[in-house]
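Enquirer: Contents of start_21.cif (mmCIF, C-alpha atoms) are given next:
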data_upload
loop_
_atom_site.label_atom_id
_atom_site.label_comp_id
_atom_site.auth_asym_id
_atom_site.auth_seq_id
_atom_site.Cartn_x
_atom_site.Cartn_y
_atom_site.Cartn_z
CA MET A 1 124.93 73.13 41.78
CA ASN A 2 122.36 70.36 41.90
CA LEU A 3 124.76 67.89 40.31
CA LEU A 4 127.45 68.80 42.84
CA ASP A 5 125.04 68.27 45.74
CA GLY A 6 124.16 64.90 44.27
CA LEU A 7 127.85 63.99 44.10
CA TRP A 8 128.27 64.91 47.78
CA GLY A 9 125.35 62.63 48.56
CA VAL A 10 127.04 59.69 46.79
CA LEU A 11 130.36 60.49 48.48
CA ASP A 12 128.70 60.61 51.92
CA LEU A 13 127.05 57.24 51.41
CA LEU A 14 130.31 55.71 50.16
CA LEU A 15 132.35 57.09 53.07
CA VAL A 16 129.83 55.93 55.66
CA ALA A 17 129.56 52.47 54.06
CA VAL A 18 133.34 51.99 53.98
CA LEU A 19 133.70 53.31 57.55
CA LEU A 20 131.03 51.02 58.99
CA LEU A 21 132.26 47.96 57.08
CA LEU A 22 135.83 48.56 58.28
CA ALA A 23 134.65 48.94 61.88
CA MET A 24 132.61 45.74 61.69
CA ALA A 25 135.50 43.85 60.09
CA ALA A 26 137.95 45.14 62.73
CA VAL A 27 135.68 44.05 65.56
CA LEU A 28 134.60 40.73 64.03
CA SER A 29 137.84 39.46 62.42
CA SER A 30 139.26 36.44 64.20
CA ASP A 31 142.85 37.27 63.26
CA ARG A 32 144.30 39.75 65.73
CA ARG A 33 146.90 41.20 63.37
CA ARG A 34 144.28 41.75 60.68
CA SER A 35 141.98 43.37 63.21
CA MET A 36 144.72 45.88 64.07
CA MET A 37 145.41 46.63 60.41
CA LEU A 38 141.71 47.17 59.76
CA PHE A 39 141.51 49.45 62.79
CA ILE A 40 144.37 51.59 61.40
CA VAL A 41 142.63 51.82 58.00
CA PHE A 42 139.40 52.64 59.85
CA GLY A 43 141.22 55.56 61.50
CA LEU A 44 142.44 56.86 58.15
CA VAL A 45 138.96 56.68 56.61
CA LEU A 46 137.67 58.43 59.73
CA ALA A 47 140.21 61.21 59.05
CA LEU A 48 138.58 61.62 55.62
CA VAL A 49 135.17 61.82 57.29
CA TRP A 50 136.47 64.59 59.59
CA ALA A 51 137.73 66.48 56.56
CA ARG A 52 134.32 66.02 54.91
CA LEU A 53 132.54 67.41 57.99
CA HIS A 54 134.73 70.57 57.96
CA ALA A 55 136.85 69.45 60.90
CA PRO A 56 140.42 69.69 59.52
CA ASP A 57 141.99 69.94 63.02
CA ILE A 58 140.46 66.63 63.96
CA ALA A 59 141.40 65.11 60.60
CA LEU A 60 145.06 65.98 61.29
CA ALA A 61 144.88 64.69 64.86
CA GLU A 62 143.10 61.49 63.82
CA ALA A 63 145.58 60.67 61.06
CA ALA A 64 148.59 61.36 63.30
CA ILE A 65 147.37 60.31 66.76
CA GLY A 66 144.37 58.03 66.26
CA ALA A 67 145.46 55.97 63.27
CA GLY A 68 149.25 56.53 63.35
CA LEU A 69 150.19 56.36 67.01
CA GLY A 70 147.24 54.22 68.05
CA GLY A 71 148.24 51.74 65.36
CA ALA A 72 151.89 51.78 66.42
CA LEU A 73 150.89 51.18 70.05
CA LEU A 74 148.63 48.28 69.04
CA MET A 75 151.28 46.66 66.84
CA ALA A 76 153.77 46.87 69.72
CA THR A 77 151.61 44.35 71.61
CA LEU A 78 152.01 41.69 68.91
CA ARG A 79 154.45 38.95 69.84
CA ARG A 80 157.43 38.19 67.67
CA ASP A 81 157.37 34.47 68.30
CA THR A 82 153.89 33.73 67.01
CA HIS A 83 152.82 34.48 63.47
CA GLN A 84 149.08 34.36 63.77
CA GLN A 85 147.01 35.01 66.83
CA THR A 86 143.38 34.07 66.52
CA ASP A 87 140.63 35.27 68.82
CA GLN A 88 137.51 33.13 68.97
CA PHE A 89 134.40 34.21 70.77
CA PRO A 90 133.91 31.89 73.75
CA GLN A 91 130.15 32.54 73.86
CA HIS A 92 127.38 30.53 72.26
CA PRO A 93 126.18 32.01 68.89
CA VAL A 94 122.77 32.69 70.47
CA VAL A 95 124.48 34.97 73.01
CA LEU A 96 126.42 36.75 70.23
CA TRP A 97 123.21 37.45 68.27
CA GLY A 98 121.26 38.31 71.40
CA VAL A 99 123.81 40.92 72.49
CA GLY A 100 123.88 42.17 68.89
CA VAL A 101 120.14 42.77 68.95
CA LEU A 102 120.45 44.39 72.39
CA VAL A 103 123.12 46.92 71.34
CA MET A 104 121.13 47.77 68.19
CA VAL A 105 118.02 48.43 70.31
CA LEU A 106 120.17 50.62 72.57
CA GLY A 107 121.58 52.44 69.52
CA THR A 108 118.08 53.05 68.16
CA ALA A 109 116.99 54.41 71.53
CA ILE A 110 120.01 56.78 71.62
CA ALA A 111 119.29 57.91 68.03
CA TRP A 112 115.63 58.50 68.86
CA GLY A 113 116.53 60.53 71.92
CA LEU A 114 119.19 62.53 70.10
CA PHE A 115 117.06 63.36 67.09
CA SER A 116 114.22 64.53 69.33
CA VAL A 117 116.48 67.12 71.02
CA LEU A 118 118.61 67.99 67.97
CA PRO A 119 116.29 70.72 66.59
CA THR A 120 116.67 72.67 69.86
CA VAL A 121 120.48 72.54 69.74
CA GLU A 122 120.71 75.67 67.60
CA GLN A 123 119.00 77.75 70.30
CA THR A 124 120.30 76.14 73.48
CA TRP A 125 123.89 74.92 73.70
CA ARG A 126 125.38 76.08 70.41
CA LYS A 127 128.34 78.29 71.35
CA GLY A 128 129.70 79.02 67.87
CA ALA A 129 128.35 82.57 67.80
CA ALA A 130 129.82 83.32 71.25
CA VAL A 131 133.23 82.03 70.10
CA ASP A 132 133.09 84.19 66.95
CA ALA A 133 132.18 87.26 69.01
CA GLN A 134 135.11 86.80 71.42
CA LEU A 135 137.66 85.55 68.88
CA ALA A 136 139.29 88.98 68.43
CA PHE A 137 140.21 89.03 72.16
CA SER A 138 141.63 85.51 72.32
CA GLY A 139 145.13 86.17 70.94
CA VAL A 140 144.69 83.72 68.03
CA SER A 141 142.49 83.80 64.95
CA HIS A 142 141.71 80.08 64.62
CA PRO A 143 138.49 79.36 66.55
CA VAL A 144 139.39 75.79 67.60
CA THR A 145 142.75 76.93 69.05
CA ALA A 146 140.97 79.83 70.78
CA VAL A 147 138.56 77.39 72.45
CA LEU A 148 141.34 74.97 73.41
CA LEU A 149 143.88 77.42 74.81
CA ASN A 150 141.75 80.34 75.94
CA PHE A 151 137.99 79.95 76.37
CA ARG A 152 138.15 76.38 77.59
CA ALA A 153 141.78 76.34 78.72
CA TRP A 154 140.73 74.42 81.84
CA ASP A 155 139.79 71.40 79.71
CA THR A 156 143.12 71.44 77.93
CA LEU A 157 145.04 71.78 81.20
CA LEU A 158 143.22 68.77 82.62
CA GLU A 159 143.77 66.87 79.39
CA LEU A 160 147.53 67.38 79.69
CA ALA A 161 147.18 66.20 83.30
CA VAL A 162 145.45 63.02 82.04
CA LEU A 163 148.34 62.47 79.64
CA LEU A 164 150.77 62.94 82.53
CA ALA A 165 148.82 60.52 84.72
CA ALA A 166 148.90 57.90 81.93
CA ILE A 167 152.67 58.18 81.54
CA PHE A 168 153.11 57.96 85.33
CA GLY A 169 151.14 54.74 85.18
CA ILE A 170 153.21 53.40 82.30
CA ARG A 171 156.51 54.28 83.99
CA ALA A 172 155.32 52.79 87.26
CA LEU A 173 154.99 49.42 85.50
CA GLY A 174 158.74 49.36 84.85
CA TYR A 175 160.36 47.80 81.84
CA VAL A 176 158.28 45.91 79.29
CA ARG A 177 159.88 43.40 76.96
CA SER A 178 159.96 44.96 73.51
CA ALA A 179 158.00 43.08 70.90
CA TYR A 180 159.14 44.92 67.80
CA VAL A 181 162.18 44.25 65.67
CA THR A 182 164.90 46.83 65.20
CA GLU A 183 165.31 47.42 61.48
CA VAL A 184 168.65 48.60 60.11
CA ALA A 185 166.83 49.86 57.03
CA PHE A 186 165.07 52.38 59.24
CA SER A 187 168.31 54.14 60.19
CA GLN A 188 168.70 55.46 56.63
CA LEU A 189 165.06 56.53 56.60
CA ALA A 190 165.47 58.20 60.00
CA VAL A 191 168.39 60.31 58.78
CA TRP A 192 166.19 62.40 56.54
CA LEU A 193 162.72 61.80 57.94
CA VAL A 194 163.40 62.79 61.57
CA PRO A 195 164.61 66.35 60.81
CA LEU A 196 161.67 66.73 58.44
CA LEU A 197 159.20 65.60 61.12
CA ILE A 198 160.67 68.06 63.64
CA LEU A 199 160.42 70.85 61.07
CA MET A 200 156.82 69.88 60.29
CA ALA A 201 155.98 69.82 64.01
CA GLY A 202 157.30 73.38 64.32
CA TYR A 203 155.23 74.51 61.35
CA VAL A 204 152.02 72.79 62.51
CA LEU A 205 152.46 74.33 65.96
CA TRP A 206 152.94 77.84 64.55
CA ALA A 207 150.11 77.43 62.03
CA GLY A 208 147.70 76.50 64.86
CA ALA A 209 147.32 80.20 65.72
CA HIS A 210 145.47 81.01 62.51
CA SER A 211 144.61 77.73 60.77
CA PRO A 212 144.12 74.03 61.58
CA GLY A 213 146.99 72.64 63.65
CA GLY A 214 148.36 73.12 67.14
CA ALA A 215 150.11 71.43 70.03
CA PHE A 216 148.44 68.02 69.75
CA GLN A 217 149.14 67.50 66.09
CA ALA A 218 152.69 68.85 66.48
CA GLY A 219 153.29 66.62 69.51
CA ALA A 220 152.12 63.60 67.54
CA LEU A 221 154.60 64.43 64.75
CA LEU A 222 157.42 64.63 67.32
CA ALA A 223 156.31 61.30 68.72
CA GLY A 224 156.42 59.90 65.19
CA ALA A 225 160.06 61.00 64.98
CA GLY A 226 160.73 59.34 68.36
CA ILE A 227 159.12 56.05 67.31
CA LEU A 228 161.10 56.06 64.06
CA LEU A 229 164.34 56.54 66.01
CA ARG A 230 163.38 53.72 68.38
CA LEU A 231 162.68 51.39 65.45
CA ALA A 232 165.99 52.41 63.86
CA GLY A 233 167.73 51.04 66.93
CA TYR A 234 168.30 54.09 69.13
CA SER A 235 167.45 52.70 72.56
CA HIS A 236 166.45 56.11 73.93
CA ALA A 237 164.50 57.16 70.83
CA GLY A 238 166.17 60.57 70.80
CA LEU A 239 164.99 61.35 74.33
CA PRO A 240 167.50 62.75 76.84
CA THR A 241 169.49 60.05 78.63
CA THR A 242 169.47 61.88 81.95
CA ARG A 243 166.48 60.98 84.08
CA TRP A 244 165.69 64.43 85.41
CA LEU A 245 165.60 65.88 81.89
CA VAL A 246 163.06 63.24 80.82
CA ARG A 247 160.96 64.01 83.90
CA LEU A 248 161.23 67.74 83.28
CA GLY A 249 160.10 67.28 79.68
CA LEU A 250 157.13 65.15 80.71
CA VAL A 251 155.80 67.65 83.25
CA ALA A 252 156.75 70.82 81.31
CA GLY A 253 153.40 71.13 79.49
CA THR A 254 151.14 70.66 82.50
CA GLY A 255 153.53 72.48 84.84
CA VAL A 256 153.96 75.67 82.82
CA PHE A 257 150.25 75.73 81.96
CA LEU A 258 149.46 75.58 85.67
CA LEU A 259 152.14 78.15 86.59
CA VAL A 260 150.88 80.60 83.94
CA GLY A 261 147.34 80.13 85.27
CA LEU A 262 148.37 80.67 88.89
CA GLY A 263 150.66 83.56 87.94
CA LEU A 264 147.79 85.33 86.19
CA LEU A 265 145.61 84.63 89.23
CA GLY A 266 148.25 86.28 91.44
CA TRP A 267 148.44 89.18 88.99
CA GLY A 268 144.75 89.78 89.58
CA GLN A 269 143.62 88.49 86.18
CA GLY A 270 141.76 85.36 87.21
CA PHE A 271 142.87 81.77 86.52
CA LEU A 272 144.03 81.49 82.88
CA HIS A 273 142.50 84.84 81.93
CA TYR A 274 145.27 86.16 79.70
CA PRO A 275 145.67 89.93 79.35
CA ILE A 276 144.51 90.60 75.77
CA ALA A 277 147.76 92.22 74.60
CA TYR A 278 149.92 89.24 75.61
CA ALA A 279 147.44 86.40 75.09
CA LYS A 280 149.17 85.27 71.90
CA TRP A 281 152.55 84.89 73.62
CA TRP A 282 151.20 83.05 76.64
CA ILE A 283 149.34 80.66 74.34
CA LEU A 284 152.45 80.13 72.21
CA LEU A 285 154.61 79.43 75.29
CA ILE A 286 152.11 76.93 76.69
CA GLU A 287 151.64 75.25 73.31
CA MET A 288 155.39 74.90 72.71
CA LEU A 289 155.99 73.18 76.04
CA ALA A 290 152.83 71.11 75.64
CA THR A 291 154.14 69.92 72.26
CA VAL A 292 157.39 68.74 73.87
CA SER A 293 155.52 66.97 76.68
CA ILE A 294 153.02 65.32 74.33
CA GLY A 295 155.79 64.16 71.99
CA MET A 296 157.85 62.69 74.84
CA THR A 297 154.82 61.10 76.51
CA LEU A 298 153.65 59.35 73.36
CA THR A 299 157.17 58.17 72.47
CA LEU A 300 157.62 56.71 75.97
CA ALA A 301 154.17 55.13 75.74
CA PHE A 302 155.26 53.36 72.55
CA MET A 303 158.47 52.16 74.20
CA GLY A 304 156.28 50.75 76.96
CA GLY A 305 157.96 52.31 79.95
CA ILE A 306 161.44 53.01 81.17
CA PRO A 307 164.22 52.06 78.71
CA GLN A 308 166.24 49.13 79.96
CA LYS A 309 169.45 51.06 80.64
CA GLU A 310 167.62 53.61 82.69
CA ALA A 311 165.82 50.95 84.64
CA ALA A 312 169.05 49.22 85.64
CA MET B 1 121.05 61.94 41.80
CA VAL B 2 118.36 64.28 43.10
CA GLY B 3 117.07 61.54 45.37
CA LEU B 4 120.47 61.07 46.97
CA SER B 5 121.00 64.76 47.62
CA ALA B 6 117.83 64.69 49.71
CA ILE B 7 119.69 62.76 52.43
CA ASN B 8 120.65 65.16 55.18
CA PRO B 9 124.41 64.59 55.80
CA GLN B 10 124.01 65.43 59.47
CA PHE B 11 121.37 62.71 59.86
CA LEU B 12 123.54 60.21 57.98
CA TYR B 13 126.68 60.85 60.05
CA VAL B 14 124.85 60.94 63.40
CA CYS B 15 123.35 57.53 62.54
CA ALA B 16 126.79 56.24 61.49
CA GLY B 17 128.27 57.46 64.80
CA ILE B 18 125.61 55.71 66.84
CA PHE B 19 126.05 52.52 64.79
CA LEU B 20 129.83 52.61 65.44
CA PHE B 21 129.08 53.04 69.14
CA ALA B 22 126.83 49.95 69.04
CA ILE B 23 129.39 47.82 67.15
CA GLY B 24 132.12 48.89 69.58
CA LEU B 25 129.95 48.13 72.60
CA TRP B 26 129.23 44.67 71.21
CA GLY B 27 132.92 43.93 70.71
CA THR B 28 133.98 45.35 74.10
CA TRP B 29 131.36 43.20 75.75
CA LEU B 30 131.97 39.89 73.99
CA HIS B 31 135.67 39.72 73.10
CA ALA B 32 137.70 37.58 75.45
CA HIS B 33 141.11 39.01 74.64
CA TYR B 34 141.98 42.38 76.16
CA VAL B 35 143.63 43.83 73.05
CA ARG B 36 140.44 43.15 71.09
CA LYS B 37 138.40 44.78 73.85
CA ILE B 38 140.64 47.86 73.56
CA ILE B 39 140.19 48.01 69.75
CA SER B 40 136.41 47.72 70.18
CA LEU B 41 136.45 50.39 72.89
CA ASN B 42 138.26 52.71 70.46
CA VAL B 43 135.61 52.03 67.78
CA MET B 44 133.01 52.94 70.41
CA GLY B 45 134.87 56.17 71.16
CA ALA B 46 135.10 56.98 67.45
CA GLY B 47 131.31 56.64 67.31
CA VAL B 48 130.89 59.21 70.09
CA PHE B 49 133.32 61.60 68.35
CA LEU B 50 131.53 61.18 65.02
CA THR B 51 128.16 61.92 66.62
CA LEU B 52 129.53 65.09 68.24
CA ILE B 53 131.15 66.35 65.03
CA ALA B 54 128.04 65.55 62.99
CA VAL B 55 125.99 67.63 65.44
CA ALA B 56 128.55 70.47 65.09
CA TYR B 57 128.21 70.35 61.29
CA ARG B 58 125.95 73.11 59.97
CA GLY B 59 125.86 72.48 56.24
CA GLU B 60 128.16 73.36 53.38
CA HIS B 61 127.96 77.12 53.69
CA LEU B 62 128.08 77.74 57.44
CA PRO B 63 131.22 77.35 59.59
CA PRO B 64 130.88 74.41 62.02
CA ASP B 65 130.67 74.92 65.78
CA PRO B 66 134.27 75.02 67.15
CA VAL B 67 133.37 73.92 70.71
CA PRO B 68 132.57 70.24 69.93
CA HIS B 69 135.65 70.26 67.66
CA ALA B 70 137.84 71.25 70.62
CA LEU B 71 136.10 68.63 72.79
CA VAL B 72 136.75 65.87 70.27
CA LEU B 73 140.38 66.92 69.80
CA THR B 74 140.81 66.64 73.58
CA GLY B 75 138.94 63.35 73.50
CA ILE B 76 141.22 61.81 70.86
CA VAL B 77 144.33 62.58 72.93
CA VAL B 78 142.75 61.31 76.16
CA ALA B 79 141.60 58.14 74.36
CA VAL B 80 145.05 57.44 72.96
CA SER B 81 146.73 57.97 76.35
CA ALA B 82 144.24 55.68 78.08
CA THR B 83 144.77 53.13 75.28
CA ALA B 84 148.55 53.38 75.71
CA LEU B 85 148.31 52.75 79.46
CA ALA B 86 145.92 49.84 78.96
CA LEU B 87 148.15 48.25 76.29
CA VAL B 88 151.26 48.51 78.48
CA ILE B 89 149.35 46.86 81.34
CA ILE B 90 148.29 44.09 78.93
CA ARG B 91 151.91 43.61 77.78
CA ARG B 92 153.03 43.39 81.41
CA LEU B 93 150.29 40.88 82.09
CA GLU B 94 151.37 38.71 79.15
CA ASP B 95 155.04 38.92 80.16
CA ALA B 96 154.07 37.87 83.69
CA THR B 97 151.99 34.89 82.47
CA ASP B 98 154.91 33.70 80.32
CA GLU B 99 157.36 33.57 83.19
#
Translate this file's structure into structure tokens.
Expert:
Amino acid sequence: MNLLDGLWGVLDLLLVAVLLLLAMAAVLSSDRRRSMMLFIVFGLVLALVWARLHAPDIALAEAAIGAGLGGALLMATLRRDTHQQTDQFPQHPVVLWGVGVLVMVLGTAIAWGLFSVLPTVEQTWRKGAAVDAQLAFSGVSHPVTAVLLNFRAWDTLLELAVLLAAIFGIRALGYVRSAYVTEVAFSQLAVWLVPLLILMAGYVLWAGAHSPGGAFQAGALLAGAGILLRLAGYSHAGLPTTRWLVRLGLVAGTGVFLLVGLGLLGWGQGFLHYPIAYAKWWILLIEMLATVSIGMTLTLAFMGGIPQKEAA
Amino acid sequence: MVGLSAINPQFLYVCAGIFLFAIGLWGTWLHAHYVRKIISLNVMGAGVFLTLIAVAYRGEHLPPDPVPHALVLTGIVVAVSATALALVIIRRLEDATDE
């Protein structure tokens, strides 16, 4: 027991050291491409840290959304025509060090403040016990899904609205010149990987009811399939070619979430207060459509706006 | 070995989160190129998420608090959508400067 605890201590120190070094290297590196690579690796190490801190939902989301999609989005900004892009700091070294000292003082102040209130957290804002007590009435047995889709469904609705707002912004900018190369080799990979990704998305979505997983992770997997199709040369990345279908898919998650909420309000249940007997089915319906919307939104975000044919 | 196990993991990871926040703030502040600012901003966000999850952690034998977990999950998706919008704006900006 003691030896095992000691091993955890070593592992914690190692993980934190690697994480912090990667973050520093990603911020400080003068080569932009290297900085992006380091940021992707940073995201993957962060996924390990989430797993270590008993947060498997976040580990899944980080690996798929944070490191995977975030990395793909970053790489899409690299230009094909230039091989190396260097970023030098325009400021004087004294300014760089001065700001460094300043942010460290700020960090110390935040740490001091946080650690002085941390002992009271257990009594004041900890809601874990309340979630456990209500879990049986939520329609799902996984606490994180229960919080996301039932107890704090408002937050999730607004989050989907943020996603929708972002894609409106991206589409409003029109067509962006694509920076990535279409690889013929990808088309062979896509043939067997895309069906697998769709299958996995379905499983992760279904599993979210009782174990780590859910709409966000499943949506990210769908987006992965979309990006793969785009890189394999499919100009629409597997998305519908008709405009209204794309629009419908993008608003489906937020729209149905909102309609279910308003419908329940009209039924006399209160906004997003699911009747206990049907809670599971409402949650599943909302999550399914949210998965489609998230997948389409993230794929379109990678493509950087309206595909050229559609724009014409 | 015994000395190392005395380190409270919650303390360690909260400190790491705040340090990430500080590094990210530094980079967001000082980098001239927008893509680098966005990467730094994401490091900053990761620091906030790590701090929240470290606070939610209650040791090896107790289940962690699910509420901060749900918050961070929401946060990751919001961060990536904001990043996507920002990067598309940057690409547009670069295309416009080229023309």
Enquirer: For segment 127-143 of chain A, find every residue with an atom within 12 Å (counting all atoms listed in the file), except residues of its own chain fewer than 2 positions away, and show them as a PyMOL selection string.
Expert: (chain A and resi 55-57+121-125+145-153+206-214+272-284) or (chain B and resi 56-58+62-70)
Enquirer: Give me the result of the PyMOL selection byres ((chain A) within 6 of (chain B)) on this file, residue by residue, as a PDB file with C-alpha atoms, in the coordinates of the input.
Expert:
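As written to disk, result_29.pdb reads:
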ATOM      1  CA  ASP A   5     125.040  68.270  45.740  1.00  0.00           C
ATOM      2  CA  GLY A   6     124.160  64.900  44.270  1.00  0.00           C
ATOM      3  CA  GLY A   9     125.350  62.630  48.560  1.00  0.00           C
ATOM      4  CA  VAL A  27     135.680  44.050  65.560  1.00  0.00           C
ATOM      5  CA  ILE A  58     140.460  66.630  63.960  1.00  0.00           C
ATOM      6  CA  VAL A 103     123.120  46.920  71.340  1.00  0.00           C
ATOM      7  CA  GLY A 107     121.580  52.440  69.520  1.00  0.00           C
ATOM      8  CA  GLY A 128     129.700  79.020  67.870  1.00  0.00           C
ATOM      9  CA  VAL A 144     139.390  75.790  67.600  1.00  0.00           C
ATOM     10  CA  LEU A 148     141.340  74.970  73.410  1.00  0.00           C
ATOM     11  CA  LEU A 163     148.340  62.470  79.640  1.00  0.00           C
ATOM     12  CA  ALA A 166     148.900  57.900  81.930  1.00  0.00           C
ATOM     13  CA  ILE A 170     153.210  53.400  82.300  1.00  0.00           C
ATOM     14  CA  ALA A 301     154.170  55.130  75.740  1.00  0.00           C
ATOM     15  CA  GLY A 304     156.280  50.750  76.960  1.00  0.00           C
TER      16      GLY A 304
END
Enquirer: I'd like the contact shell of Ala190 of chain A - 8 Å cut-off, all atoms listed in the file, skipping same-chain residues fewer than 3 positions apart - returned as a list in words.
Expert: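 Using all atoms listed in the file, the neighbours found are Phe186, Ser187, Leu193, Val194, Ala225, Leu228, Leu229 and Ala232 of chain A.
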Enquirer: Report as a ChimeraX atom specification the residues that result from applying the PyMOL selection byres ((chain A and resi 15-22) around 8) to the structure here.
Expert: /A:11-14,23-26,38-39,41-42,45-46,49 /B:12-13,16,19-20
Enquirer: What is the distance between atom CA of Ile40 of chain A and atom CA of Gly66 of chain A, in Å to one decimal?
Expert: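 Pair atom CA of Ile40 of chain A / atom CA of Gly66 of chain A returns 8.1 Å.
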Enquirer: Counting all atoms listed in the file, which residues sit no farther than 10 Å from the position (147.6, 59.6, 68.1) in the file's frame? I'd like them as a PyMOL selection string.
Expert: (chain A and resi 60-73+216-217+219-221+223-224+298) or (chain B and resi 76-81+84)
Enquirer: Around all listed atoms of segment 84-95 of chain B, padded 3 Å per side, what centre and edge lengths does the axis-aligned box have in Å to one decimal, as AutoDock Vina command-line options?
Expert:
--center_x 150.5 --center_y 46.0 --center_z 78.9 --size_x 15.1 --size_y 20.7 --size_z 12.4
Enquirer: Could you tell me how far atom CA of Trp112 of chain A lies from atom CA of Trp50 of chain A, in Å and to one decimal?
Expert: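 These two atoms are separated by 23.6 Å.
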Enquirer: Rounded to one decimal in Å, what is the spacing between atom CA of Leu53 of chain A and atom CA of Phe115 of chain A?
Expert: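 Atom CA of Phe115 of chain A lies at a distance of 18.4 Å from atom CA of Leu53 of chain A.
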